[in-house]
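Have a look at coords-v6.txt below; it lists compact mmCIF, C-alpha atoms.
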```txt
# COMPACT_ATOMS: atom_id res chain seq x y z
CA TYR A 1 154.06 93.16 121.11
CA GLU A 2 156.04 96.11 122.28
CA SER A 3 156.95 97.05 125.81
CA ARG A 4 158.01 100.53 126.76
CA PHE A 5 158.58 99.45 130.34
CA GLY A 6 161.34 97.60 132.14
CA TYR A 7 161.12 94.07 133.41
CA ASN A 8 159.48 93.53 136.77
CA VAL A 9 162.25 92.26 139.03
CA ALA A 10 160.33 92.54 142.32
CA ASN A 11 160.36 88.76 142.85
CA TYR A 12 163.81 88.05 141.43
CA THR A 13 165.53 87.30 144.73
CA ARG A 14 162.91 84.63 145.43
CA LEU A 15 163.30 83.25 141.90
CA PHE A 16 167.09 83.28 142.32
CA GLN A 17 166.83 81.32 145.59
CA SER A 18 164.48 78.77 144.02
CA TYR A 19 166.62 78.35 140.91
CA ILE A 20 169.84 77.79 142.85
CA ASN A 21 168.22 75.43 145.36
CA ASP A 22 166.61 73.40 142.57
CA ASN A 23 169.93 73.09 140.70
CA LEU A 24 172.55 72.52 143.41
CA ASP A 25 174.40 69.80 141.48
CA GLY A 26 174.71 72.05 138.44
CA VAL A 27 175.76 75.00 140.61
CA THR A 28 178.47 72.86 142.19
CA VAL A 29 179.74 71.75 138.78
CA SER A 30 179.67 75.34 137.50
CA MET A 31 181.76 76.49 140.44
CA GLN A 32 184.26 73.66 139.94
CA GLU A 33 184.53 74.39 136.21
CA HIS A 34 185.16 78.08 136.90
CA PHE A 35 188.24 77.73 139.10
CA LEU A 36 186.45 77.23 142.42
CA THR A 37 187.92 73.75 142.53
CA ASN A 38 187.90 73.52 146.32
CA VAL A 39 184.07 73.54 146.34
CA VAL A 40 182.96 69.98 147.05
CA GLU A 41 179.26 70.76 147.37
CA ALA A 42 177.17 73.92 147.06
CA GLY A 43 174.52 74.25 149.75
CA ARG A 44 171.13 75.87 149.64
CA VAL A 45 170.80 79.64 149.26
CA GLN A 46 168.73 81.50 151.82
CA MET A 47 167.59 85.07 151.09
CA PHE A 48 166.58 87.51 153.86
CA PHE A 49 164.87 90.80 154.63
CA THR A 50 162.32 91.70 152.03
CA ARG A 51 162.64 95.26 150.87
CA SER A 52 160.02 96.98 148.80
CA PRO A 53 161.07 97.60 145.22
CA THR A 54 162.34 101.12 144.72
CA PHE A 55 161.85 103.32 141.71
CA SER A 56 164.69 105.70 141.12
CA PRO A 57 165.31 108.20 138.34
CA ILE A 58 168.31 107.55 136.17
CA VAL A 59 169.79 110.32 134.10
CA SER A 60 171.14 109.08 130.83
CA SER A 61 174.21 110.63 129.27
CA SER A 62 172.86 109.98 125.78
CA PRO A 63 170.25 112.20 124.10
CA THR A 64 166.59 111.23 123.84
CA PHE A 65 165.44 110.32 120.33
CA ALA A 66 161.96 110.95 119.01
CA GLU A 67 159.92 107.99 117.78
CA LYS A 68 156.89 107.79 115.55
CA SER A 69 153.71 107.15 117.49
CA THR A 70 152.63 103.51 117.48
CA ILE A 71 149.54 103.92 119.64
CA PRO A 72 146.41 103.10 117.61
CA SER A 73 143.32 105.20 118.00
CA GLU A 74 140.29 103.71 119.73
CA THR A 75 138.39 103.59 116.45
CA SER A 76 141.03 101.82 114.38
CA ASP A 77 140.49 98.16 113.55
CA PRO A 78 143.29 95.66 114.01
CA SER A 79 145.07 94.66 110.82
CA MET A 80 146.92 91.48 109.97
CA THR A 81 149.23 93.43 107.64
CA PRO A 82 152.17 95.16 109.28
CA SER A 83 152.37 98.83 108.58
CA ILE A 84 155.53 100.82 108.09
CA SER A 85 154.37 103.41 110.61
CA SER A 86 154.52 100.83 113.42
CA ILE A 87 158.32 100.66 113.17
CA PRO A 88 160.07 103.08 115.53
CA THR A 89 162.42 105.45 113.79
CA VAL A 90 165.11 107.77 115.00
CA SER A 91 164.48 111.38 114.24
CA GLN A 92 167.24 113.31 112.49
CA GLU A 93 166.80 115.95 115.15
CA SER A 94 167.68 114.77 118.59
CA SER A 95 167.42 116.46 121.92
CA PHE A 96 170.60 117.83 123.42
CA PHE A 97 169.23 117.16 126.89
CA PRO A 98 169.81 113.86 128.69
CA SER A 99 166.79 111.61 129.04
CA THR A 100 165.46 110.67 132.44
CA LEU A 101 164.50 107.03 132.90
CA THR A 102 163.16 105.23 135.94
CA ALA A 103 164.59 102.03 137.35
CA LEU A 104 163.00 99.28 139.41
CA THR A 105 165.59 98.02 141.90
CA ILE A 106 165.30 95.19 144.40
CA GLN A 107 168.03 94.05 146.78
CA LYS A 108 168.21 91.33 149.41
CA ARG A 109 170.81 89.81 151.67
CA GLY A 110 171.51 86.14 151.27
CA ARG A 111 173.86 83.41 152.33
CA GLN A 112 175.09 80.07 151.11
CA LEU A 113 176.98 77.27 152.80
CA LEU A 114 179.71 75.65 150.76
CA GLN A 115 181.50 72.45 151.61
CA VAL A 116 185.09 73.20 150.64
CA ASP A 117 188.25 71.11 150.74
CA PRO A 118 190.67 72.35 151.85
CA LEU A 119 188.81 74.51 154.33
CA LEU A 120 189.98 77.90 153.12
CA GLN A 121 188.23 81.19 152.49
CA PHE A 122 188.00 82.43 148.91
CA ASP A 123 190.72 84.83 147.84
CA PRO A 124 189.61 88.06 146.06
CA PHE A 125 189.89 86.41 142.64
CA GLN A 126 187.67 83.50 143.74
CA VAL A 127 185.17 85.90 145.33
CA GLY A 128 184.90 87.67 141.96
CA ILE A 129 184.29 84.36 140.19
CA TYR A 130 181.60 83.38 142.72
CA GLU A 131 179.87 86.76 142.29
CA ARG A 132 179.93 86.48 138.50
CA ILE A 133 178.57 82.92 138.56
CA MET A 134 175.66 84.04 140.74
CA GLN A 135 175.00 87.07 138.51
CA ASN A 136 174.97 84.94 135.37
CA TYR A 137 172.07 82.82 136.63
CA THR A 138 169.71 85.79 136.08
CA ALA A 139 169.16 84.78 132.46
CA SER A 140 168.03 81.30 133.62
CA PHE A 141 164.83 82.30 135.42
CA GLY A 142 162.01 84.85 135.39
CA HIS A 143 161.97 86.75 132.10
CA MET A 144 164.96 84.70 130.85
CA VAL A 145 166.96 87.82 130.05
CA GLY A 146 170.10 89.27 131.55
CA GLU A 147 172.19 92.33 130.88
CA PRO A 148 171.55 94.94 129.62
CA PHE A 149 167.84 94.51 130.32
CA ILE A 150 168.26 93.31 133.90
CA MET A 151 171.41 94.44 135.66
CA THR A 152 172.45 91.99 138.37
CA ILE A 153 175.03 92.63 141.05
CA CYS A 154 176.19 90.03 143.55
CA ASN A 155 178.44 91.35 146.28
CA VAL A 156 180.01 88.97 148.80
CA THR A 157 180.02 90.81 152.13
CA GLU A 158 181.46 88.21 154.51
CA GLN A 159 183.09 84.79 154.69
CA GLN A 160 183.18 82.71 157.84
CA PHE A 161 183.61 79.11 158.87
CA VAL A 162 180.72 77.33 160.58
CA SER A 163 180.64 73.89 162.11
CA ASN A 164 177.78 71.53 162.79
CA GLY A 165 180.00 69.43 165.08
CA VAL A 166 180.88 66.96 162.34
CA THR A 167 182.07 69.10 159.43
CA SER A 168 183.08 72.69 158.90
CA GLN A 169 181.78 74.69 155.98
CA LEU A 170 182.39 78.08 154.42
CA LEU A 171 179.45 80.45 154.87
CA LEU A 172 179.28 83.19 152.26
CA SER A 173 177.05 86.19 153.01
CA PHE A 174 176.18 88.34 150.01
CA ASN A 175 173.80 90.92 148.59
CA MET A 176 171.88 90.33 145.38
CA ARG A 177 170.66 93.40 143.53
CA TYR A 178 168.43 93.40 140.46
CA GLU A 179 167.66 96.51 138.46
CA SER A 180 165.59 97.05 135.35
CA ARG A 181 165.19 100.44 133.73
CA PHE A 182 161.95 101.65 132.22
CA GLY A 183 162.26 102.76 128.64
CA TYR A 184 163.41 99.57 126.90
```

Take the structure in the file and write it out as structure tokens.
Amino acid sequence: YESRFGYNVANYTRLFQSYINDNLDGVTVSMQEHFLTNVVEAGRVQMFFTRSPTFSPIVSSSPTFAEKSTIPSETSDPSMTPSISSIPTVSQESSFFPSTLTALTIQKRGRQLLQVDPLLQFDPFQVGIYERIMQNYTASFGHMVGEPFIMTICNVTEQQFVSNGVTSQLLLSFNMRYESRFGY
């Protein structure tokens, strides 16, 4: 099977939320193993504000290459023997014009409570680690692929302390963005 389209990431923020919330013990361990040693327990992720997926043109800096056609005619019968013509090839002559691709992008705001000890905000280095940990979970759900097929960006936007009267926790607010380009 061949796909000339990107991966549908329209539901990825929901899948991300479900994956994290179903694996909180593993998320906590991952954080602790990646230098977020003050995290005692990772809390549930909550995603907000559904935005419609957006399609945006992307201009590539590399030239577009011609491929042999792999679309069978309506009258051709399926064959169990692979044919050489079904393998895409790169033409010796390439276009000098950049190719235009389209991307499917979805972004949502989210937040997560973390029980930390000592009760300190993450420094910039720790914020970067947290963002990368969250981004790396993309390959664990949905289409089970990550970069370069699905570009994931986690951006922590705010840190604040919250108290339920008994304990104080660190509340991280963040944006999750998923993008998949058509043309793969």

Which residue of A:Ile106, A:Leu36, A:Met151, A:Val45 approaches Leu120 in chain A most closely, using all atoms listed in the file:
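Using all atoms listed in the file, Leu120 in chain A sits closest to A:Leu36.
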
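Distances from A:Thr28, A:Gly110, A:Asp123, A:Leu170 to Thr157 in chain A were compared using all atoms listed in the file, and the smallest one belongs to A:Gly110.
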
With all atoms listed in the file as the atoms that count, which of A:Phe161, A:Phe149, A:Tyr137, A:Phe35 lies nearest to Gln17 in chain A?
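Checking each of A:Phe161, A:Phe149, A:Tyr137, A:Phe35 against Gln17 in chain A, counting all atoms listed in the file, the winner is A:Tyr137.
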
Atomic distance CA of Val116 in chain A - CA of Gly43 in chain A, expressed in Å with one decimal:
10.7 Å

What gap, in Å, lies between CA of Gln159 in chain A and CA of Thr37 in chain A?
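These atoms are spaced 17.1 Å apart.
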
Under the rule that all atoms listed in the file are counted, which of A:Asn8, A:Glu41, A:Arg109, A:Phe16 is the nearest residue to Glu179 in chain A?
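Among the listed residues, the smallest separation from Glu179 in chain A belongs to A:Asn8.
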
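Counting only C-alpha atoms, the residue from A:Val39, A:Leu15, A:Tyr130, A:Gly26 that sits nearest to Gln115 in chain A is A:Val39.
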
For Gln121 in chain A, list every protein, DNA or RNA residue within 10 Å, evaluated using all atoms listed in the file, and leave out those in the same chain fewer than 3 positions away; present the list as a ChimeraX atom specification.
/A:38,116,118,124,126-127,158-161,169-172

Would you export the selected residues with C-alpha atoms as a compact mmCIF listing (two decimals), keeping the file's coordinate frame, please?
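Writing the result to out.txt gives the following:
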```txt
# COMPACT_ATOMS: atom_id res chain seq x y z
CA ASN A 38 187.90 73.52 146.32
CA VAL A 116 185.09 73.20 150.64
CA PRO A 118 190.67 72.35 151.85
CA PRO A 124 189.61 88.06 146.06
CA GLN A 126 187.67 83.50 143.74
CA VAL A 127 185.17 85.90 145.33
CA GLU A 158 181.46 88.21 154.51
CA GLN A 159 183.09 84.79 154.69
CA GLN A 160 183.18 82.71 157.84
CA PHE A 161 183.61 79.11 158.87
CA GLN A 169 181.78 74.69 155.98
CA LEU A 170 182.39 78.08 154.42
CA LEU A 171 179.45 80.45 154.87
CA LEU A 172 179.28 83.19 152.26
```
